[in-house]
>>> print(open('protein_16.cif').read())   # mmCIF, C-alpha atoms
data_model
#
loop_
_atom_site.label_atom_id
_atom_site.label_comp_id
_atom_site.auth_asym_id
_atom_site.auth_seq_id
_atom_site.Cartn_x
_atom_site.Cartn_y
_atom_site.Cartn_z
CA MET A 1 -2.67 7.33 22.37
CA LYS A 2 -3.76 5.15 19.48
CA GLN A 3 -5.91 6.77 16.78
CA ILE A 4 -7.62 4.98 13.91
CA VAL A 5 -7.47 6.45 10.40
CA GLN A 6 -10.20 5.57 7.91
CA THR A 7 -11.26 6.92 4.55
CA ASP A 8 -13.80 5.93 1.92
CA LYS A 9 -11.14 6.75 -0.70
CA ALA A 10 -9.44 3.40 0.09
CA PRO A 11 -11.04 -0.04 0.38
CA ALA A 12 -12.89 -0.62 3.64
CA ALA A 13 -11.42 -3.17 6.01
CA ILE A 14 -12.98 -6.57 5.35
CA GLY A 15 -12.04 -8.05 8.70
CA PRO A 16 -11.11 -7.13 12.24
CA TYR A 17 -8.47 -4.55 11.36
CA SER A 18 -8.16 -0.83 10.58
CA GLN A 19 -6.97 0.85 7.40
CA ALA A 20 -4.31 2.58 9.48
CA VAL A 21 -3.32 3.20 13.08
CA GLN A 22 -1.53 6.29 14.34
CA ILE A 23 0.69 6.05 17.40
CA GLY A 24 2.35 9.32 18.28
CA GLN A 25 4.09 10.59 15.16
CA LEU A 26 3.96 7.24 13.30
CA LEU A 27 1.25 5.94 10.99
CA PHE A 28 1.04 2.22 10.17
CA THR A 29 -1.13 1.26 7.21
CA SER A 30 -2.62 -2.17 6.80
CA GLY A 31 -1.59 -3.99 3.67
CA GLN A 32 -3.39 -2.54 0.68
CA VAL A 33 -4.50 -4.87 -2.05
CA PRO A 34 -5.40 -3.41 -5.46
CA ILE A 35 -9.10 -2.95 -4.88
CA ASP A 36 -10.70 0.13 -6.42
CA PRO A 37 -12.67 1.69 -3.54
CA ALA A 38 -15.23 3.12 -5.97
CA THR A 39 -16.18 -0.27 -7.42
CA GLY A 40 -14.98 -2.79 -4.86
CA GLU A 41 -13.29 -4.69 -7.70
CA VAL A 42 -9.68 -5.73 -8.18
CA ALA A 43 -7.84 -3.45 -10.61
CA GLU A 44 -7.52 -5.04 -14.03
CA GLY A 45 -4.44 -4.89 -16.21
CA GLY A 46 -1.71 -6.93 -14.54
CA ILE A 47 0.97 -6.13 -12.02
CA GLN A 48 1.47 -2.49 -13.01
CA ALA A 49 -2.23 -1.63 -12.71
CA GLN A 50 -2.45 -3.53 -9.45
CA ALA A 51 0.66 -1.90 -7.96
CA ALA A 52 -0.68 1.53 -8.94
CA GLN A 53 -4.02 0.83 -7.25
CA SER A 54 -2.38 -0.49 -4.07
CA LEU A 55 -0.17 2.60 -3.89
CA SER A 56 -3.12 4.90 -4.65
CA ASN A 57 -4.96 3.31 -1.73
CA ILE A 58 -1.98 3.99 0.55
CA LYS A 59 -1.82 7.57 -0.72
CA ALA A 60 -5.53 8.06 0.11
CA ILE A 61 -5.01 6.74 3.65
CA LEU A 62 -1.99 8.99 4.16
CA ASN A 63 -3.98 11.97 2.90
CA ALA A 64 -6.79 11.13 5.34
CA ALA A 65 -4.19 11.25 8.12
CA GLY A 66 -3.04 14.66 6.92
CA THR A 67 0.19 13.56 5.28
CA ASN A 68 1.55 12.33 1.96
CA MET A 69 3.82 9.78 0.27
CA GLY A 70 6.89 11.85 1.11
CA ALA A 71 6.38 11.00 4.78
CA VAL A 72 6.69 7.24 4.19
CA VAL A 73 9.77 5.81 5.90
CA LYS A 74 9.26 2.07 5.20
CA THR A 75 7.20 -0.09 2.88
CA THR A 76 6.74 -3.81 2.52
CA VAL A 77 5.76 -5.21 -0.86
CA PHE A 78 4.25 -8.68 -1.04
CA LEU A 79 4.39 -10.16 -4.54
CA LYS A 80 2.66 -13.27 -5.81
CA ASP A 81 5.53 -13.72 -8.26
CA MET A 82 9.01 -12.19 -7.84
CA ASP A 83 9.24 -12.12 -11.66
CA ASP A 84 6.89 -9.10 -11.37
CA PHE A 85 9.44 -7.15 -9.31
CA ALA A 86 10.82 -4.99 -12.15
CA ALA A 87 7.36 -4.05 -13.47
CA MET A 88 6.13 -3.26 -9.94
CA ASN A 89 9.28 -1.21 -9.34
CA GLU A 90 8.56 0.98 -12.39
CA VAL A 91 5.19 1.94 -10.92
CA TYR A 92 6.55 2.23 -7.38
CA ALA A 93 9.11 4.81 -8.58
CA GLN A 94 6.26 7.03 -9.82
CA PHE A 95 4.84 7.32 -6.28
CA PHE A 96 8.06 8.13 -4.38
CA GLN A 97 10.86 10.66 -4.73
CA GLU A 98 14.34 10.72 -3.23
CA PRO A 99 15.12 10.18 -0.47
CA TYR A 100 13.23 6.91 -0.94
CA PRO A 101 11.75 5.01 1.97
CA ALA A 102 13.31 1.78 3.16
CA ARG A 103 11.63 -1.23 1.56
CA SER A 104 11.33 -4.99 1.74
CA ALA A 105 9.91 -7.05 -1.11
CA VAL A 106 9.03 -10.70 -0.74
CA GLN A 107 7.29 -13.36 -2.76
CA VAL A 108 4.36 -14.99 -1.00
CA ALA A 109 2.35 -18.10 -1.78
CA ARG A 110 -1.02 -16.38 -1.95
CA LEU A 111 -2.66 -13.01 -1.35
CA PRO A 112 -6.28 -12.05 -0.57
CA LYS A 113 -8.57 -12.27 -3.59
CA ASP A 114 -5.66 -13.87 -5.50
CA VAL A 115 -4.23 -10.43 -6.32
CA LEU A 116 -0.68 -10.02 -7.60
CA VAL A 117 0.54 -7.51 -4.99
CA GLU A 118 -0.14 -6.12 -1.52
CA ILE A 119 1.73 -3.14 -0.08
CA GLU A 120 1.91 -1.70 3.44
CA ALA A 121 3.60 1.45 4.67
CA ILE A 122 4.87 3.20 7.78
CA ALA A 123 4.92 7.00 7.68
CA GLN A 124 6.20 9.69 10.00
CA LEU A 125 3.66 12.41 10.74
#
>>> encode(input="protein_16.cif", output="structure tokens")
Amino acid sequence: MKQIVQTDKAPAAIGPYSQAVQIGQLLFTSGQVPIDPATGEVAEGGIQAQAAQSLSNIKAILNAAGTNMGAVVKTTVFLKDMDDFAAMNEVYAQFFQEPYPARSAVQVARLPKDVLVEIEAIAQL
């Protein structure tokens, strides 16, 4: 049975989607852009600040589902500029420990609100 996960500690969905959907023992988060849920504003400070905010939003959603970053099995990172990969990776490494989840990282033409990064995750519950 499909269950919806929502928390006010991550940005509210701004369209016809959910922050996360649980199916059985899997949790699928929607892509998280670097919006501070307290202010509704994009995190300032470049790719590292934005990556940290996106990952903090994922962490909040996982916590609302009763789990944590250690349960993540796969992430997808969407970057506005692949030249930001190394800087994003430094921040990413602060949120995950070995064994690391599988990951894809791609450069995209444009992201919502012209942010630099969007990250989505799949976690096992």
>>> resolve_selection(input="protein_16.cif", expression="the PyMOL selection byres ((chain A and resi 94) around 12)", output="MDAnalysis selection string")
chainID A and resid 48 51:52 55:56 69:70 87:93 95:98 100
>>> closest_residue(input="protein_16.cif", among="A:Ala71, A:Ile35, A:Leu62, A:Val77", to="Ala49 of chain A", atoms="all atoms listed in the file")
A:Ile35
>>> closest_residue(input="protein_16.cif", among="A:Val33, A:Val72, A:Leu26, A:Val21", to="Gln3 of chain A", atoms="all atoms listed in the file")
A:Val21
>>> atom_distance(input="protein_16.cif", atom1="atom CA of Pro11 of chain A", atom2="atom CA of Pro99 of chain A")
28.1 Å
>>> atom_distance(input="protein_16.cif", atom1="atom CA of Asp83 of chain A", atom2="atom CA of Gln19 of chain A")
28.2 Å
>>> atom_distance(input="protein_16.cif", atom1="atom CA of Val108 of chain A", atom2="atom CA of Thr75 of chain A")
15.7 Å
>>> resolve_selection(input="protein_16.cif", expression="the PyMOL selection byres ((chain A and resi 9) around 7)", output="list in words")
Thr7, Asp8, Ala10, Pro11, Pro37 and Ala60 of chain A
>>> closest_residue(input="protein_16.cif", among="A:Val115, A:Asn68, A:Val5, A:Gly15", to="Gly45 of chain A", atoms="all atoms listed in the file")
A:Val115
>>> closest_residue(input="protein_16.cif", among="A:Val42, A:Gln50, A:Pro16, A:Met1", to="Leu116 of chain A", atoms="all atoms listed in the file")
A:Gln50
>>> axis_aligned_box(input="protein_16.cif", around="segment 3-21 of chain A", padding_each_side="8 Å", output="AutoDock Vina command-line options")
--center_x -8.6 --center_y -0.6 --center_z 8.0 --size_x 26.5 --size_y 31.0 --size_z 33.5
>>> residues_around(input="protein_16.cif", residues="Ala105 of chain A", least_positions_apart="2", cutoff="8 Å", atoms="all atoms listed in the file", output="PyMOL selection string")
chain A and resi 76-79+103+107
>>> closest_residue(input="protein_16.cif", among="A:Asn63, A:Gln32, A:Ser104, A:Gln53", to="Glu120 of chain A", atoms="all atoms listed in the file")
A:Gln32
>>> residues_around(input="protein_16.cif", residues="Phe28 of chain A", least_positions_apart="3", cutoff="7 Å", atoms="only C-alpha atoms", output="list in words")
Ala20, Val21, Gln22, Ala121, Ile122 and Ala123 of chain A
>>> closest_residue(input="protein_16.cif", among="A:Val106, A:Gly31, A:Lys59, A:Ala65", to="Gln6 of chain A", atoms="only C-alpha atoms")
A:Ala65
